[in-house]
Amino acid sequence: MRPVVAIDAHKESCTYVVRHWNEHIAGPTRIPTTQEALRALAAEYPDHDFVVEVCNVHEWMIDLFRGVGVHAMAVIPPKQGPVGKKSDDDDATRIARKHQAGELVEVYIASPEIRAMRDLVRQHEFLKKKRTAFNNNLKHALIRSNFQPRKLEGAGRAPGVYSPEGRAQVVERFPQLESVYAVIAVIDERMDGLKRQIQAKGKGIREVRLLRSVPGFGPIISLALYTEIAEIDRFEKAERLVRYFGLDPVHGSSGDKHWDGHRISKKGVSFVRGVLAQGAWSHVTYCRESDITANYERLVTRGKTKQQALMMVMRRLVKAVYWMLKEEREFTMNGPAR
């Protein structure tokens, strides 16, 4: 067994201990969370395993350690000790002991290139949520005042509140809403820029091109799935990928209420489920010849709610994605049920 350097990391500082077998070699020692300090630590223990708990700085720390040639991994932090006994020294020691006992789960870390593309998609979806919030703010302000743009002379109907004419009427009546329009315009401009970057990045990636063959999957959904999956071989079977996205059904009861597979675990990255839902809805709406669409309609006919049926469509699509990437093939409308 290799000696271990276990690190309880934080934004400003981190605490490490060094252990070999059951012997405490050094620490707990606190050092600043800087590249210089961490490189010096790696140089001091070049033949040790570096184990870092998952936190908001673990990715660049692992990149740094691997870049200087030491073996490094990120792990899910172990459970805390008794109530009232919580310190960075204790956490670092607990990480070292649990790692040596083989009780910690290593967390997969994608390459910096894939993480950069992942951030593009996440930033786009973040701005999309903000735009929706500002749109709702504008809409509710007009509803509370019972205001609608008046019909223009010669026009068949009143202009929308986002048209130049409608915006002019709204701002004339509510000058304070000019700032809301301005923010929405800035968000739209930034989203357009991010979308162009996402499309450009996806064009050169074979896996993204395969995912684009799924009806309903555009450039954003395809790159989002690719960057979150990164390496399909790390999933042993399709059900593992379904669970990774938090779409696996759960069973349980509370009092007199029971549910049997109607709820999902919701583990993993939540925004992926959001973009998957958009893709699934587009698929069943516009791709009538797909077996997945036929299954959706059959479920609704048998009494499932549209939301429950759509969740099952999302699971089917994730399984299809798994086999497409595993077998390096495009989507087929009448593929076998896996």
# chains A, B, ... in the order shown; residues from 1 in each chain; ligands from 1
$ select_by_dssp --residues "range 115-280 of chain A" --states "alpha helix (DSSP H)" --output "number ranges by chain"
A: 115-144, 164-173, 178-203, 206-211, 219-229, 238-244, 270-280
$ residues_around --residues "Val214 in chain A" --least-positions-apart "6" --cutoff "10 Å" --atoms "only C-alpha atoms" --output "list in words"
Ser222, Gly279, Ala280, His283, Cys287, Leu317, Ala320, Val321, Met324, Glu330, Phe331, Thr332 and Met333 of chain A
$ write_last_selection --atoms "C-alpha atoms" --output "PDB file, in the first residue's frame"
ATOM      1  CA  SER A 222     -25.988  17.122 -27.508  1.00  0.00           C
ATOM      2  CA  GLY A 279     -35.319  17.201 -26.008  1.00  0.00           C
ATOM      3  CA  ALA A 280     -37.815  14.503 -24.982  1.00  0.00           C
ATOM      4  CA  HIS A 283     -39.005  14.180 -29.794  1.00  0.00           C
ATOM      5  CA  CYS A 287     -41.028  12.628 -34.403  1.00  0.00           C
ATOM      6  CA  LEU A 317     -33.591   8.329 -24.652  1.00  0.00           C
ATOM      7  CA  ALA A 320     -30.526   4.997 -26.512  1.00  0.00           C
ATOM      8  CA  VAL A 321     -27.721   7.521 -25.989  1.00  0.00           C
ATOM      9  CA  MET A 324     -25.275   4.933 -29.550  1.00  0.00           C
ATOM     10  CA  GLU A 330     -26.584   6.918 -35.047  1.00  0.00           C
ATOM     11  CA  PHE A 331     -30.102   6.872 -33.632  1.00  0.00           C
ATOM     12  CA  THR A 332     -32.638   4.510 -35.233  1.00  0.00           C
ATOM     13  CA  MET A 333     -36.376   5.194 -35.105  1.00  0.00           C
TER      14      MET A 333
END
$ atom_distance --atom1 "CA of Lys304 in chain A" --atom2 "CA of Val284 in chain A"
15.1 Å
$ residues_around --residues "range 192-204 of chain A" --least-positions-apart "5" --cutoff "10 Å" --atoms "only C-alpha atoms" --output "PyMOL selection string"
chain A and resi 117-118+120-121+123-125+127+186-187+209+212+218-220+222-224+226
$ residues_around --residues "Ala101 in chain A" --least-positions-apart "6" --cutoff "12 Å" --atoms "only C-alpha atoms" --output "mmCIF file with N, CA and C atoms, in the first residue's frame"
data_model
loop_
_atom_site.group_PDB
_atom_site.id
_atom_site.type_symbol
_atom_site.label_atom_id
_atom_site.label_comp_id
_atom_site.auth_asym_id
_atom_site.auth_seq_id
_atom_site.Cartn_x
_atom_site.Cartn_y
_atom_site.Cartn_z
ATOM 1 N N MET A 1 0.846 -1.198 0.000
ATOM 2 C CA MET A 1 0.000 0.000 0.000
ATOM 3 C C MET A 1 0.880 1.246 0.000
ATOM 4 N N VAL A 4 -0.126 7.871 1.826
ATOM 5 C CA VAL A 4 -1.168 8.769 1.352
ATOM 6 C C VAL A 4 -1.006 10.149 1.974
ATOM 7 N N HIS A 20 1.096 6.209 6.454
ATOM 8 C CA HIS A 20 1.540 5.016 5.759
ATOM 9 C C HIS A 20 1.161 3.828 6.614
ATOM 10 N N TRP A 21 0.353 2.928 6.029
ATOM 11 C CA TRP A 21 -0.267 1.864 6.788
ATOM 12 C C TRP A 21 -1.031 2.492 7.957
ATOM 13 N N ASN A 22 -0.777 2.062 9.168
ATOM 14 C CA ASN A 22 -1.481 2.651 10.308
ATOM 15 C C ASN A 22 -0.628 3.672 11.049
ATOM 16 N N PRO A 78 -15.842 11.443 3.715
ATOM 17 C CA PRO A 78 -16.503 10.498 4.625
ATOM 18 C C PRO A 78 -17.430 11.216 5.585
ATOM 19 N N ARG A 94 -9.472 11.585 8.943
ATOM 20 C CA ARG A 94 -10.534 10.632 8.589
ATOM 21 C C ARG A 94 -10.441 10.244 7.121
ATOM 22 N N ILE A 95 -10.137 11.205 6.245
ATOM 23 C CA ILE A 95 -9.986 10.904 4.821
ATOM 24 C C ILE A 95 -8.846 9.912 4.608
#
$ residues_around --residues "Met61 in chain A" --least-positions-apart "5" --cutoff "10 Å" --atoms "only C-alpha atoms" --output "ChimeraX atom specification"
/A:9,33-35,38-39,52,66-67,72-74
$ write_last_selection --atoms "C-alpha atoms" --output "PDB file, in the first residue's frame"
ATOM      1  CA  ALA A   9      -9.424  21.502   1.036  1.00  0.00           C
ATOM      2  CA  THR A  33      -4.586  26.907  -1.140  1.00  0.00           C
ATOM      3  CA  THR A  34      -2.182  28.310  -3.704  1.00  0.00           C
ATOM      4  CA  GLN A  35      -0.379  26.735  -6.623  1.00  0.00           C
ATOM      5  CA  LEU A  38       0.588  22.729  -3.411  1.00  0.00           C
ATOM      6  CA  ARG A  39       3.498  22.262  -5.812  1.00  0.00           C
ATOM      7  CA  VAL A  52      -8.503  15.424  -2.044  1.00  0.00           C
ATOM      8  CA  ARG A  66      -1.350  15.290 -12.009  1.00  0.00           C
ATOM      9  CA  GLY A  67       0.490  17.937 -13.999  1.00  0.00           C
ATOM     10  CA  ALA A  72      -3.995  12.226  -7.306  1.00  0.00           C
ATOM     11  CA  MET A  73      -7.698  11.536  -6.923  1.00  0.00           C
ATOM     12  CA  ALA A  74     -10.810  13.257  -5.621  1.00  0.00           C
TER      13      ALA A  74
END
$ residues_around --residues "Met311 in chain A" --least-positions-apart "6" --cutoff "10 Å" --atoms "only C-alpha atoms" --output "PyMOL selection string"
chain A and resi 247-249+262-264+273+276-277+280-281+296+305+317
$ write_last_selection --atoms "C-alpha atoms" --output "short mmCIF file (atom, residue, chain, number, x, y, z; two decimals), in the first residue's frame"
data_model
loop_
_atom_site.label_atom_id
_atom_site.label_comp_id
_atom_site.auth_asym_id
_atom_site.auth_seq_id
_atom_site.Cartn_x
_atom_site.Cartn_y
_atom_site.Cartn_z
CA LEU A 247 -33.76 9.50 -13.67
CA ASP A 248 -33.93 6.14 -11.91
CA PRO A 249 -37.37 5.41 -10.40
CA HIS A 262 -43.66 7.43 -10.18
CA ARG A 263 -40.83 9.46 -8.65
CA ILE A 264 -37.18 9.75 -9.60
CA ARG A 273 -32.61 16.71 -16.66
CA LEU A 276 -33.27 16.30 -21.52
CA ALA A 277 -36.91 17.16 -20.82
CA ALA A 280 -37.82 14.50 -24.98
CA TRP A 281 -40.77 16.82 -25.50
CA TYR A 296 -45.25 7.74 -24.86
CA THR A 305 -49.89 11.65 -16.71
CA LEU A 317 -33.59 8.33 -24.65
#
$ closest_residue --among "A:Ala110, A:Ile143, A:Ala92, A:Ala40" --to "Val5 in chain A" --atoms "only C-alpha atoms"
A:Ala92
$ select_by_dssp --residues "range 239-313 of chain A" --states "strand (DSSP E)" --output "PyMOL selection string"
chain A and resi 249-254+257-264
$ write_last_selection --atoms "C-alpha atoms" --output "compact mmCIF listing (two decimals), in the first residue's frame"
# COMPACT_ATOMS: atom_id res chain seq x y z
CA PRO A 249 -37.37 5.41 -10.40
CA VAL A 250 -37.72 5.23 -6.63
CA HIS A 251 -40.25 3.36 -4.55
CA GLY A 252 -41.50 4.29 -1.12
CA SER A 253 -44.33 5.26 1.17
CA SER A 254 -45.24 7.93 3.68
CA LYS A 257 -49.40 7.34 0.59
CA HIS A 258 -47.46 4.91 -1.56
CA TRP A 259 -45.60 5.46 -4.81
CA ASP A 260 -44.22 2.81 -7.08
CA GLY A 261 -41.78 4.15 -9.63
CA HIS A 262 -43.66 7.43 -10.18
CA ARG A 263 -40.83 9.46 -8.65
CA ILE A 264 -37.18 9.75 -9.60
$ closest_residue --among "A:Glu231, A:Glu23, A:Glu236, A:Glu297" --to "Ser111 in chain A" --atoms "only C-alpha atoms"
A:Glu231
$ residues_around --residues "Ala26 in chain A" --least-positions-apart "4" --cutoff "12 Å" --atoms "only C-alpha atoms" --output "MDAnalysis selection string"
chainID A and resid 3:6 15:20 30 41 44:45 89 92:93 96
$ write_last_selection --atoms "N, CA and C atoms" --output "PDB file, in the first residue's frame"
ATOM      1  N   PRO A   3       1.911   5.140   0.589  1.00  0.00           N
ATOM      2  CA  PRO A   3       1.572   6.157   1.587  1.00  0.00           C
ATOM      3  C   PRO A   3       0.637   7.193   0.976  1.00  0.00           C
ATOM      4  N   VAL A   4      -0.126   7.871   1.826  1.00  0.00           N
ATOM      5  CA  VAL A   4      -1.168   8.769   1.352  1.00  0.00           C
ATOM      6  C   VAL A   4      -1.006  10.149   1.974  1.00  0.00           C
ATOM      7  N   VAL A   5      -1.250  11.166   1.144  1.00  0.00           N
ATOM      8  CA  VAL A   5      -1.388  12.540   1.616  1.00  0.00           C
ATOM      9  C   VAL A   5      -2.859  12.899   1.462  1.00  0.00           C
ATOM     10  N   ALA A   6      -3.567  13.016   2.572  1.00  0.00           N
ATOM     11  CA  ALA A   6      -5.005  13.314   2.553  1.00  0.00           C
ATOM     12  C   ALA A   6      -5.210  14.803   2.824  1.00  0.00           C
ATOM     13  N   THR A  15      -5.875  21.612   4.860  1.00  0.00           N
ATOM     14  CA  THR A  15      -5.160  20.882   5.908  1.00  0.00           C
ATOM     15  C   THR A  15      -4.834  19.488   5.389  1.00  0.00           C
ATOM     16  N   TYR A  16      -3.595  19.044   5.583  1.00  0.00           N
ATOM     17  CA  TYR A  16      -3.216  17.720   5.106  1.00  0.00           C
ATOM     18  C   TYR A  16      -2.570  16.915   6.221  1.00  0.00           C
ATOM     19  N   VAL A  17      -2.694  15.596   6.082  1.00  0.00           N
ATOM     20  CA  VAL A  17      -1.974  14.654   6.935  1.00  0.00           C
ATOM     21  C   VAL A  17      -1.311  13.625   6.028  1.00  0.00           C
ATOM     22  N   VAL A  18      -0.228  13.027   6.516  1.00  0.00           N
ATOM     23  CA  VAL A  18       0.495  12.004   5.759  1.00  0.00           C
ATOM     24  C   VAL A  18       0.487  10.733   6.603  1.00  0.00           C
ATOM     25  N   ARG A  19       0.041   9.638   5.988  1.00  0.00           N
ATOM     26  CA  ARG A  19      -0.010   8.350   6.688  1.00  0.00           C
ATOM     27  C   ARG A  19       0.543   7.256   5.794  1.00  0.00           C
ATOM     28  N   HIS A  20       1.096   6.209   6.454  1.00  0.00           N
ATOM     29  CA  HIS A  20       1.540   5.016   5.759  1.00  0.00           C
ATOM     30  C   HIS A  20       1.161   3.828   6.614  1.00  0.00           C
ATOM     31  N   ARG A  30      -1.581  22.958   8.174  1.00  0.00           N
ATOM     32  CA  ARG A  30      -2.390  23.865   7.355  1.00  0.00           C
ATOM     33  C   ARG A  30      -1.480  24.651   6.423  1.00  0.00           C
ATOM     34  N   LEU A  41       4.208  20.928  -1.800  1.00  0.00           N
ATOM     35  CA  LEU A  41       3.754  19.720  -1.109  1.00  0.00           C
ATOM     36  C   LEU A  41       3.959  18.490  -1.988  1.00  0.00           C
ATOM     37  N   GLU A  44       7.531  17.457  -2.062  1.00  0.00           N
ATOM     38  CA  GLU A  44       7.994  16.857  -0.803  1.00  0.00           C
ATOM     39  C   GLU A  44       7.603  15.393  -0.699  1.00  0.00           C
ATOM     40  N   TYR A  45       6.448  15.020  -1.310  1.00  0.00           N
ATOM     41  CA  TYR A  45       5.960  13.632  -1.234  1.00  0.00           C
ATOM     42  C   TYR A  45       5.658  13.116  -2.642  1.00  0.00           C
ATOM     43  N   ASP A  89      -8.568  19.269  10.928  1.00  0.00           N
ATOM     44  CA  ASP A  89      -7.582  18.242  11.295  1.00  0.00           C
ATOM     45  C   ASP A  89      -8.234  16.861  11.338  1.00  0.00           C
ATOM     46  N   ALA A  92      -9.174  15.648   7.719  1.00  0.00           N
ATOM     47  CA  ALA A  92      -8.033  15.161   6.943  1.00  0.00           C
ATOM     48  C   ALA A  92      -7.593  13.775   7.415  1.00  0.00           C
ATOM     49  N   THR A  93      -7.557  13.595   8.733  1.00  0.00           N
ATOM     50  CA  THR A  93      -7.182  12.282   9.273  1.00  0.00           C
ATOM     51  C   THR A  93      -8.205  11.224   8.899  1.00  0.00           C
ATOM     52  N   ALA A  96      -7.720  10.122   5.283  1.00  0.00           N
ATOM     53  CA  ALA A  96      -6.568   9.224   5.127  1.00  0.00           C
ATOM     54  C   ALA A  96      -6.904   7.809   5.576  1.00  0.00           C
TER      55      ALA A  96
END
$ closest_residue --among "A:Lys266, A:Arg97, A:His140, A:Arg302" --to "Pro77 in chain A" --atoms "only C-alpha atoms"
A:Arg97
$ atom_distance --atom1 "CA of Ser163 in chain A" --atom2 "CA of Phe126 in chain A"
24.6 Å
$ atom_distance --atom1 "CA of Val51 in chain A" --atom2 "CA of Arg115 in chain A"
20.5 Å
$ closest_residue --among "A:Asp47, A:Glu178, A:Arg240, A:Lys130" --to "Met191 in chain A" --atoms "only C-alpha atoms"
A:Lys130
